[in-house]
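Data block for final-v1.pdb (PDB, C-alpha atoms):
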ATOM      1  CA  MET A 528       0.000   0.000   0.000
ATOM      2  CA  THR A 529       1.490   3.234  -1.116
ATOM      3  CA  TYR A 530       0.080   6.671  -0.482
ATOM      4  CA  GLU A 531       1.224   9.974  -1.887
ATOM      5  CA  ASP A 532       2.727  12.296   0.703
ATOM      6  CA  ALA A 533       0.378  15.071  -0.423
ATOM      7  CA  PHE A 534      -2.638  12.837   0.275
ATOM      8  CA  LEU A 535      -1.397  11.882   3.756
ATOM      9  CA  LYS A 536      -0.552  15.495   4.567
ATOM     10  CA  ASP A 537      -3.998  16.624   3.408
ATOM     11  CA  VAL A 538      -5.697  14.053   5.637
ATOM     12  CA  LEU A 539      -3.603  15.041   8.652
ATOM     13  CA  THR A 540      -4.165  18.756   8.007
ATOM     14  CA  ARG A 541      -7.934  18.632   7.524
ATOM     15  CA  THR A 542      -8.638  16.224  10.403
ATOM     16  CA  LYS A 543      -9.802  17.788  13.661
ATOM     17  CA  VAL A 544     -11.486  15.021  15.723
ATOM     18  CA  VAL A 545     -10.106  11.477  15.879
ATOM     19  CA  ALA A 546     -11.834   8.491  17.460
ATOM     20  CA  VAL A 547      -9.114   6.027  18.473
ATOM     21  CA  VAL A 548     -10.680   2.565  18.566
ATOM     22  CA  GLY A 549      -8.873   0.107  20.799
ATOM     23  CA  VAL A 550      -7.014   2.723  22.823
ATOM     24  CA  SER A 551      -5.229   1.446  25.917
ATOM     25  CA  MET A 552      -4.927   3.141  29.301
ATOM     26  CA  ASP A 553      -1.378   1.745  29.564
ATOM     27  CA  PRO A 554       1.191   4.446  28.640
ATOM     28  CA  VAL A 555       3.620   1.921  27.141
ATOM     29  CA  ARG A 556       1.093   0.636  24.590
ATOM     30  CA  PRO A 557       1.281   2.126  21.080
ATOM     31  CA  SER A 558      -2.416   3.021  21.066
ATOM     32  CA  TYR A 559      -1.897   5.147  24.184
ATOM     33  CA  TYR A 560       1.134   7.076  23.001
ATOM     34  CA  VAL A 561      -0.211   7.586  19.471
ATOM     35  CA  ALA A 562      -3.474   8.969  20.893
ATOM     36  CA  ARG A 563      -1.537  11.117  23.376
ATOM     37  CA  TYR A 564       0.715  12.455  20.631
ATOM     38  CA  LEU A 565      -2.280  13.364  18.445
ATOM     39  CA  SER A 566      -3.918  15.153  21.373
ATOM     40  CA  LEU A 567      -0.709  17.106  22.012
ATOM     41  CA  LYS A 568      -0.701  18.158  18.346
ATOM     42  CA  GLY A 569      -4.105  19.774  18.723
ATOM     43  CA  TYR A 570      -6.430  17.009  17.565
ATOM     44  CA  ARG A 571      -9.416  16.272  19.735
ATOM     45  CA  VAL A 572      -8.947  12.591  20.543
ATOM     46  CA  ILE A 573     -11.992  10.527  21.507
ATOM     47  CA  PRO A 574     -10.816   7.283  23.132
ATOM     48  CA  VAL A 575     -12.942   4.207  22.342
ATOM     49  CA  ASN A 576     -12.574   1.022  24.387
ATOM     50  CA  PRO A 577     -15.529  -0.774  26.017
ATOM     51  CA  GLY A 578     -13.269  -2.160  28.735
ATOM     52  CA  HIS A 579     -12.440   1.342  29.975
ATOM     53  CA  ALA A 580     -15.707   3.167  29.209
ATOM     54  CA  GLY A 581     -16.379   6.071  31.546
ATOM     55  CA  LYS A 582     -12.754   6.668  32.508
ATOM     56  CA  ILE A 583     -10.990   9.877  31.456
ATOM     57  CA  LEU A 584      -8.049   9.849  29.046
ATOM     58  CA  PHE A 585      -6.458  12.990  27.565
ATOM     59  CA  GLY A 586      -9.306  15.074  28.962
ATOM     60  CA  GLU A 587     -11.989  13.000  27.218
ATOM     61  CA  GLU A 588     -14.306  10.311  28.486
ATOM     62  CA  VAL A 589     -13.479   6.872  27.118
ATOM     63  CA  ARG A 590     -16.438   5.721  25.015
ATOM     64  CA  ALA A 591     -17.702   2.149  24.788
ATOM     65  CA  SER A 592     -18.337   2.341  21.038
ATOM     66  CA  LEU A 593     -18.337   4.713  18.096
ATOM     67  CA  ALA A 594     -22.085   5.170  18.619
ATOM     68  CA  ASP A 595     -21.199   6.960  21.887
ATOM     69  CA  CYS A 596     -18.841   9.407  20.167
ATOM     70  CA  PRO A 597     -19.622  12.987  19.163
ATOM     71  CA  GLN A 598     -20.917  13.254  15.633
ATOM     72  CA  ASN A 599     -18.111  15.606  14.586
ATOM     73  CA  VAL A 600     -15.548  12.773  14.507
ATOM     74  CA  ASP A 601     -13.917  13.044  11.093
ATOM     75  CA  MET A 602     -11.304  10.275  11.380
ATOM     76  CA  VAL A 603     -11.353   6.831  12.967
ATOM     77  CA  ASP A 604      -7.927   5.409  13.894
ATOM     78  CA  ILE A 605      -8.202   1.641  14.406
ATOM     79  CA  PHE A 606      -5.974  -0.311  16.805
ATOM     80  CA  ARG A 607      -7.681  -3.685  16.419
ATOM     81  CA  ARG A 608      -6.718  -6.892  14.644
ATOM     82  CA  SER A 609      -7.474  -6.917  10.929
ATOM     83  CA  GLU A 610     -10.303  -9.437  11.253
ATOM     84  CA  HIS A 611     -12.169  -7.080  13.637
ATOM     85  CA  VAL A 612     -12.052  -4.023  11.376
ATOM     86  CA  LEU A 613     -15.101  -4.559   9.150
ATOM     87  CA  PRO A 614     -17.706  -4.196  11.934
ATOM     88  CA  ILE A 615     -15.889  -1.098  13.195
ATOM     89  CA  VAL A 616     -16.039   0.492   9.746
ATOM     90  CA  GLU A 617     -19.682  -0.510   9.342
ATOM     91  CA  GLU A 618     -20.523   1.153  12.668
ATOM     92  CA  ALA A 619     -18.480   4.250  11.807
ATOM     93  CA  LEU A 620     -20.312   4.662   8.503
ATOM     94  CA  GLU A 621     -23.640   4.315  10.276
ATOM     95  CA  VAL A 622     -23.132   6.641  13.250
ATOM     96  CA  LEU A 623     -20.515   9.231  12.246
ATOM     97  CA  PRO A 624     -22.014  11.612   9.678
ATOM     98  CA  ASN A 625     -18.840  13.735   9.429
ATOM     99  CA  LEU A 626     -16.479  10.789   8.923
ATOM    100  CA  ARG A 627     -13.963  11.443   6.159
ATOM    101  CA  THR A 628     -11.113   9.039   6.907
ATOM    102  CA  VAL A 629     -10.684   5.473   8.092
ATOM    103  CA  TRP A 630      -7.117   4.913   9.264
ATOM    104  CA  MET A 631      -5.839   1.428  10.110
ATOM    105  CA  GLN A 632      -2.674   1.202  12.155
ATOM    106  CA  ILE A 633       0.556  -0.551  11.210
ATOM    107  CA  GLY A 634      -0.178  -4.252  10.761
ATOM    108  CA  VAL A 635      -3.907  -3.666  10.277
ATOM    109  CA  VAL A 636      -5.146  -4.438   6.764
ATOM    110  CA  ASN A 637      -8.714  -5.275   5.761
ATOM    111  CA  HIS A 638      -9.517  -4.900   2.072
ATOM    112  CA  GLU A 639     -13.230  -5.593   2.549
ATOM    113  CA  ALA A 640     -13.483  -2.716   5.062
ATOM    114  CA  GLU A 641     -11.392  -0.556   2.732
ATOM    115  CA  ALA A 642     -13.751  -1.198  -0.194
ATOM    116  CA  LEU A 643     -16.838  -0.518   1.928
ATOM    117  CA  ALA A 644     -15.478   2.790   3.204
ATOM    118  CA  GLN A 645     -14.395   3.847  -0.274
ATOM    119  CA  GLU A 646     -17.839   2.962  -1.660
ATOM    120  CA  HIS A 647     -19.168   5.506   0.833
ATOM    121  CA  GLY A 648     -16.691   8.145  -0.347
ATOM    122  CA  LYS A 649     -14.310   7.872   2.597
ATOM    123  CA  ASP A 650     -10.527   8.011   2.394
ATOM    124  CA  VAL A 651      -8.795   4.892   3.680
ATOM    125  CA  ILE A 652      -5.232   4.463   4.900
ATOM    126  CA  MET A 653      -4.009   1.027   5.955
ATOM    127  CA  HIS A 654      -0.831  -0.273   7.587
ATOM    128  CA  ARG A 655       0.357   3.212   8.552
ATOM    129  CA  CYS A 656       0.578   5.232  11.756
ATOM    130  CA  PRO A 657      -0.674   8.841  11.871
ATOM    131  CA  LYS A 658       1.950   9.707  14.510
ATOM    132  CA  ILE A 659       4.809   8.495  12.322
ATOM    133  CA  GLU A 660       3.350  10.108   9.206
ATOM    134  CA  TYR A 661       2.781  13.404  11.030
ATOM    135  CA  GLN A 662       6.349  13.432  12.318
ATOM    136  CA  ARG A 663       7.725  12.534   8.890
ATOM    137  CA  LEU A 664       5.616  14.968   6.873
ATOM    138  CA  PHE A 665       5.805  17.935   9.255
ATOM    139  CA  GLY A 666       9.533  17.766   9.931
ATOM    140  CA  GLU A 667       9.689  16.287  13.407
ATOM    141  CA  LEU A 668      11.669  13.172  12.514
ATOM    142  CA  ARG A 669      14.411  15.392  11.113
ATOM    143  CA  MET A 670      15.062  16.654  14.654
ATOM    144  CA  GLY A 671      15.971  13.086  15.597
ATOM    145  CA  GLY A 672      18.448  12.763  12.749
ATOM    146  CA  PHE A 673      16.222  10.836  10.335
ATOM    147  CA  ASN A 674      16.377  11.515   6.598
ATOM    148  CA  THR A 675      12.688  11.856   5.748
ATOM    149  CA  GLY A 676      13.241  12.549   2.058
ATOM    150  CA  ILE A 677      11.341  15.824   2.410
ATOM    151  CA  LEU A 678      13.151  19.087   1.777
ATOM    152  CA  SER A 679      12.428  21.826   4.263
ATOM    153  CA  SER A 680      14.088  24.820   5.837
ATOM    154  CA  LYS A 681      13.009  23.528   9.272
ATOM    155  CA  LEU A 682      15.457  21.620  11.461
TER     156      LEU A 682
END
For the structure just supplied, provide its representation as structure tokens.
Amino acid sequence: MTYEDAFLKDVLTRTKVVAVVGVSMDPVRPSYYVARYLSLKGYRVIPVNPGHAGKILFGEEVRASLADCPQNVDMVDIFRRSEHVLPIVEEALEVLPNLRTVWMQIGVVNHEAEALAQEHGKDVIMHRCPKIEYQRLFGELRMGGFNTGILSSKL
């Protein structure tokens, strides 16, 4: 799966509210630190995990399902195994009227869910991490000495 940098940057720029499905309360888990990073970058992050519903994470109540999320969610970031993605996408399409992007984390690939979302006019990104892509596309990896392949006057 390849995505143009301009497409990824557009998605990350236009997105305002992200529902993170499968978020963990454990700070060493990738779902926690990706959600935390996105919240620190100014995104409103809505944590979704039925096992932690009602708790507070990053200033937001953890929701049991996407149906419990605010309707202004425009991106769903999925931290679930590939075989569990289709019902998540089906629910997102049903209950999130402002949904524009379905993002599946590294290692998460479901072509059936991808096709369904695209049939409904949604952008789909699979097997990528928004934190990594944000850092790469907006110059933050350069500060750690990584060659991102993107020319910029920023350090």
Residues at most 12 Å from range 613-615 of chain A, counting all atoms listed in the file, excluding those fewer than 3 positions away in the same chain, as number ranges by chain?
A: 546-549, 575-576, 592-594, 603-610, 618-623, 629-631, 635-644
Using all atoms listed in the file, which protein or nucleic acid residues come within 12 Å of Glu660 in chain A? Drop anything in the same chain fewer than 6 positions from it, and give the result as a list of chain:residue names.
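Near Glu660 in chain A, the qualifying residues are A:Tyr530, A:Glu531, A:Asp532, A:Ala533, A:Phe534, A:Leu535, A:Lys536, A:Asp537, A:Val538, A:Leu539, A:Thr540, A:Val561, A:Tyr564, A:Leu565, A:Trp630, A:Gln632, A:Ile633, A:Ile652, A:His654, A:Gly666, A:Glu667, A:Leu668, A:Thr675, A:Ile677.
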At what distance in Å, to one decimal, does CA of Gln598 in chain A lie from CA of Phe665 in chain A?
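It comes out at 27.9 Å.
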Using the chain letters and numbers from the file, which residues does the PyMOL selection byres ((chain A and resi 589) around 12) grab, as a ChimeraX atom specification?
/A:546-552,562,572-588,590-593,595-597
Expressed in Å, the length from CA of Tyr559 in chain A to CA of Gln645 in chain A is 27.5 Å
Range 596-610 of chain A: axis-aligned bounding box, 5 Å on each side, centre and edge lengths in Å, one decimal, as lines of an AutoDock Vina configuration file:
center_x = -13.4
center_y = 3.1
center_z = 15.5
size_x = 24.9
size_y = 35.0
size_z = 19.2
Applied to the shown file, which residues does the PyMOL selection byres ((chain A and resi 544) around 8) return, written as a PDB file with C-alpha atoms, in the coordinates of the input?
ATOM      1  CA  THR A 542      -8.638  16.224  10.403  1.00  0.00           C
ATOM      2  CA  LYS A 543      -9.802  17.788  13.661  1.00  0.00           C
ATOM      3  CA  VAL A 545     -10.106  11.477  15.879  1.00  0.00           C
ATOM      4  CA  ALA A 546     -11.834   8.491  17.460  1.00  0.00           C
ATOM      5  CA  TYR A 570      -6.430  17.009  17.565  1.00  0.00           C
ATOM      6  CA  ARG A 571      -9.416  16.272  19.735  1.00  0.00           C
ATOM      7  CA  VAL A 572      -8.947  12.591  20.543  1.00  0.00           C
ATOM      8  CA  ILE A 573     -11.992  10.527  21.507  1.00  0.00           C
ATOM      9  CA  ASN A 599     -18.111  15.606  14.586  1.00  0.00           C
ATOM     10  CA  VAL A 600     -15.548  12.773  14.507  1.00  0.00           C
ATOM     11  CA  ASP A 601     -13.917  13.044  11.093  1.00  0.00           C
ATOM     12  CA  MET A 602     -11.304  10.275  11.380  1.00  0.00           C
TER      13      MET A 602
END
When you draw a straight line from CA of Tyr560 in chain A to CA of Arg663 in chain A, how long is it in Å?
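So the answer is 16.5 Å.
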Determine the nearest neighbour of Arg627 in chain A from the options A:Arg541, A:Gln662, A:Val612, A:Arg563, counting all atoms listed in the file.
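Nearest to Arg627 in chain A: A:Arg541.
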